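Everything on this sheet refers to the single structure shown next.
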Amino acid sequence: MSWGIKTGSGIPLFQALEAVGVTEDAFNEVSVPYAGVQAALEQHTVDKALPAGTFYQQMIDAGFTSIANPIREFQGNQPGTLWVATAQGLGSNAQAAEKFVAAMREAVSFYQDPENLQEVRQTNAEVNQIDIAKAPTMFVPASVDFNIAESQSGLDAMSHFGLIENPVTTKEVPWDKAPRRDSAAVNWSGPFHHGRGGCAGKSHTAIRKSSRT
């Protein structure tokens, strides 16, 4: 099995395998750059892989088949992007940080407004360097809030599988003025645009090569 080098993206796969009784000694882990995952499968270096972002859609277009989504199953609603700063920096620039959070809220509001779907698709196409016709018509919800329960679950998994030596709690991670909520489950609304699914934010998916006749 293959996934990105030192990314931690293998954790949800470990969780999925452990959930069905498969231990780490039952398979071999091969870490390769995400850009090399498709070649690794095509050259039979590995028999399954966990691609990310545009590499996922690229491999689907090339005829590979999605067989599981451990990210969604085991790490749903955990932070996708973390913006970090030093305690000293926040101490002297708290107002700027608060304005940044407000700007991110405004951006998320724009992103989730169905009236802005075409502009969002256009941006997605430009960033991923694809034709807008291939851009998703459905995007996962986004939030600026830090989900405490889900984030702690991810930290616990990192500790369980040995990626961090000393346990960490969510109380130690967020800035004291960072927006947060106990759990995303209390107000989950699901995808907000109808149509063809898929987006870079949820593309960590285990896949294999399709059979061809």
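Each chain in the structure tokens gets a letter, A, B and so on, in the order shown; residues start at 1 in every chain, and ligands are counted from 1 in the order they appear.
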
Alpha helix (DSSP H) per DSSP on the backbone: members of range 71-161 of chain A, as number ranges by chain
A: 71-75, 87-92, 94-112, 117-128, 148-160

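Shell of range 173-185 of chain A at 8 Å, with only C-alpha atoms counted and residues fewer than 5 places along the chain excluded, is Asn77, Glu98, Val101, Val144, Asp145, Phe146, Asn147, Ile148, Ala149 and Glu150 of chain A.
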
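Among the candidates A:Ile164, A:Ala26, A:Ile71, A:Met104, the residue lying nearest to Trp83 in chain A is A:Met104 (atoms considered: only C-alpha atoms).
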
Could you please determine the separation between CA of Val46 in chain A and CA of Val32 in chain A in Å, to one decimal place?
10.4 Å

For Thr169 in chain A, please output as a VMD selection string all residues within 9 Å (counting only C-alpha atoms; exclusion window: fewer than 4 positions along the same chain).
chain A and resid 151 to 152 155 to 156 173

Print the selection's residues with all heavy atoms to a file, as a CSV table (one decimal), in the first residue's frame.
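Produced file out20.csv, reproduced below:
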```csv
chain,number,residue,atom,x,y,z
A,151,SER,N,-11.2,16.8,16.4
A,151,SER,CA,-9.8,17.0,16.4
A,151,SER,C,-9.1,16.2,17.5
A,151,SER,O,-8.0,15.7,17.2
A,151,SER,CB,-9.5,18.5,16.7
A,151,SER,OG,-10.1,19.3,15.7
A,152,GLN,N,-9.7,16.0,18.6
A,152,GLN,CA,-9.1,15.2,19.6
A,152,GLN,C,-9.0,13.7,19.2
A,152,GLN,O,-8.1,13.0,19.5
A,152,GLN,CB,-9.9,15.2,20.9
A,152,GLN,CG,-9.3,14.5,22.1
A,152,GLN,CD,-7.9,15.1,22.4
A,152,GLN,OE1,-7.8,16.3,22.7
A,152,GLN,NE2,-6.9,14.3,22.4
A,155,LEU,N,-5.9,13.5,17.1
A,155,LEU,CA,-4.7,13.5,17.9
A,155,LEU,C,-4.5,12.1,18.6
A,155,LEU,O,-3.4,11.6,18.7
A,155,LEU,CB,-4.8,14.6,18.9
A,155,LEU,CG,-4.7,16.0,18.4
A,155,LEU,CD1,-5.0,17.1,19.5
A,155,LEU,CD2,-3.3,16.3,17.8
A,156,ASP,N,-5.6,11.6,19.1
A,156,ASP,CA,-5.6,10.3,19.8
A,156,ASP,C,-5.1,9.2,18.8
A,156,ASP,O,-4.3,8.3,19.2
A,156,ASP,CB,-6.9,9.9,20.3
A,156,ASP,CG,-7.4,10.8,21.5
A,156,ASP,OD1,-6.5,11.5,22.1
A,156,ASP,OD2,-8.6,10.8,21.8
A,173,VAL,N,-3.7,23.1,21.6
A,173,VAL,CA,-3.5,23.5,20.2
A,173,VAL,C,-4.1,24.8,19.8
A,173,VAL,O,-3.3,25.7,19.3
A,173,VAL,CB,-4.0,22.4,19.3
A,173,VAL,CG1,-3.8,22.7,17.8
A,173,VAL,CG2,-3.4,21.0,19.6
```

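Nearest to Lys48 in chain A of all the residues A:Glu24, A:Glu29, A:Glu165, A:Asp131 is A:Glu29, based on only C-alpha atoms.
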
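For Lys134 in chain A, the set of protein, DNA and RNA residues having any atom at most 10 Å away, when counting only C-alpha atoms and skipping those fewer than 4 positions along the same chain, is Gln57, Arg121, Asn124, Ala125, Ile130 and Arg196 of chain A.
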
Include N, CA and C atoms and write out the residues we just selected as a PDB file, in the first residue's frame.
```
ATOM      1  N   GLN A  57      -8.424  12.542  -8.610  1.00  0.00           N
ATOM      2  CA  GLN A  57      -9.254  12.668  -9.797  1.00  0.00           C
ATOM      3  C   GLN A  57      -8.491  12.255 -11.052  1.00  0.00           C
ATOM      4  N   ARG A 121     -16.443  27.312  -8.928  1.00  0.00           N
ATOM      5  CA  ARG A 121     -15.972  26.315  -9.887  1.00  0.00           C
ATOM      6  C   ARG A 121     -14.834  26.870 -10.730  1.00  0.00           C
ATOM      7  N   ASN A 124     -11.744  26.857  -8.639  1.00  0.00           N
ATOM      8  CA  ASN A 124     -11.295  25.478  -8.499  1.00  0.00           C
ATOM      9  C   ASN A 124     -10.560  25.029  -9.758  1.00  0.00           C
ATOM     10  N   ALA A 125     -11.096  25.370 -10.916  1.00  0.00           N
ATOM     11  CA  ALA A 125     -10.477  24.976 -12.180  1.00  0.00           C
ATOM     12  C   ALA A 125      -9.120  25.647 -12.362  1.00  0.00           C
ATOM     13  N   ILE A 130      -7.364  22.765 -14.532  1.00  0.00           N
ATOM     14  CA  ILE A 130      -8.236  21.901 -15.326  1.00  0.00           C
ATOM     15  C   ILE A 130      -9.274  22.762 -16.024  1.00  0.00           C
ATOM     16  N   ARG A 196     -22.476  16.591  -9.819  1.00  0.00           N
ATOM     17  CA  ARG A 196     -21.332  15.692  -9.790  1.00  0.00           C
ATOM     18  C   ARG A 196     -20.466  15.982  -8.569  1.00  0.00           C
TER      19      ARG A 196
END
```

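Taking only C-alpha atoms into account, Ala52 in chain A lies nearest to A:Val37 out of the set A:Ala19, A:Ala94, A:Ala107, A:Val37.
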
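For the pair CA of Phe27 in chain A and CA of Ile67 in chain A, the interatomic distance is 17.0 Å.
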
Taking the DSSP assignment computed from this structure's backbone, write out as an NGL selection string all residues of range 53-147 of chain A that belong to strand (DSSP E).
:A and (64-68 or 146-147)

Leu117 in chain A surroundings by only C-alpha atoms, 10 Å radius, close-in-sequence under 5 positions cut, as a CSV table (one decimal) with C-alpha atoms, in the first residue's frame:
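The resulting file, out23.csv, is shown below:
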```csv
chain,number,residue,atom,x,y,z
A,110,PHE,CA,-19.1,33.2,-0.2
A,111,TYR,CA,-17.9,29.7,-1.0
A,112,GLN,CA,-21.1,28.1,0.4
A,122,GLN,CA,-13.9,28.8,-11.9
A,123,THR,CA,-11.5,29.2,-9.0
A,136,PRO,CA,-17.0,19.8,-9.4
A,137,THR,CA,-20.6,21.0,-9.2
A,138,MET,CA,-20.8,19.9,-5.5
A,139,PHE,CA,-18.4,20.9,-2.8
A,192,PHE,CA,-24.6,22.2,-0.4
A,193,HIS,CA,-24.5,22.0,-4.2
```

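For Gly162 in chain A, the residues within 12 Å (counting only C-alpha atoms, excluding itself and residues fewer than 4 positions away along the chain) are Gly8, Gly10, Ile11, Phe14, Leu155, Asp156, Ala157, Met158, Asn166 and Pro167 of chain A.
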
Residues just named, written with C-alpha atoms as a short mmCIF file (atom, residue, chain, number, x, y, z; two decimals), in the first residue's frame:
```
data_model
loop_
_atom_site.label_atom_id
_atom_site.label_comp_id
_atom_site.auth_asym_id
_atom_site.auth_seq_id
_atom_site.Cartn_x
_atom_site.Cartn_y
_atom_site.Cartn_z
CA GLY A 8 0.14 11.15 8.35
CA GLY A 10 -1.97 6.64 6.40
CA ILE A 11 -3.60 6.99 9.82
CA PHE A 14 -4.62 2.09 9.71
CA LEU A 155 -4.73 13.48 17.91
CA ASP A 156 -5.56 10.28 19.78
CA ALA A 157 -5.10 8.26 16.59
CA MET A 158 -1.70 9.87 15.97
CA ASN A 166 3.53 12.34 23.98
CA PRO A 167 -0.28 12.62 23.96
#
```
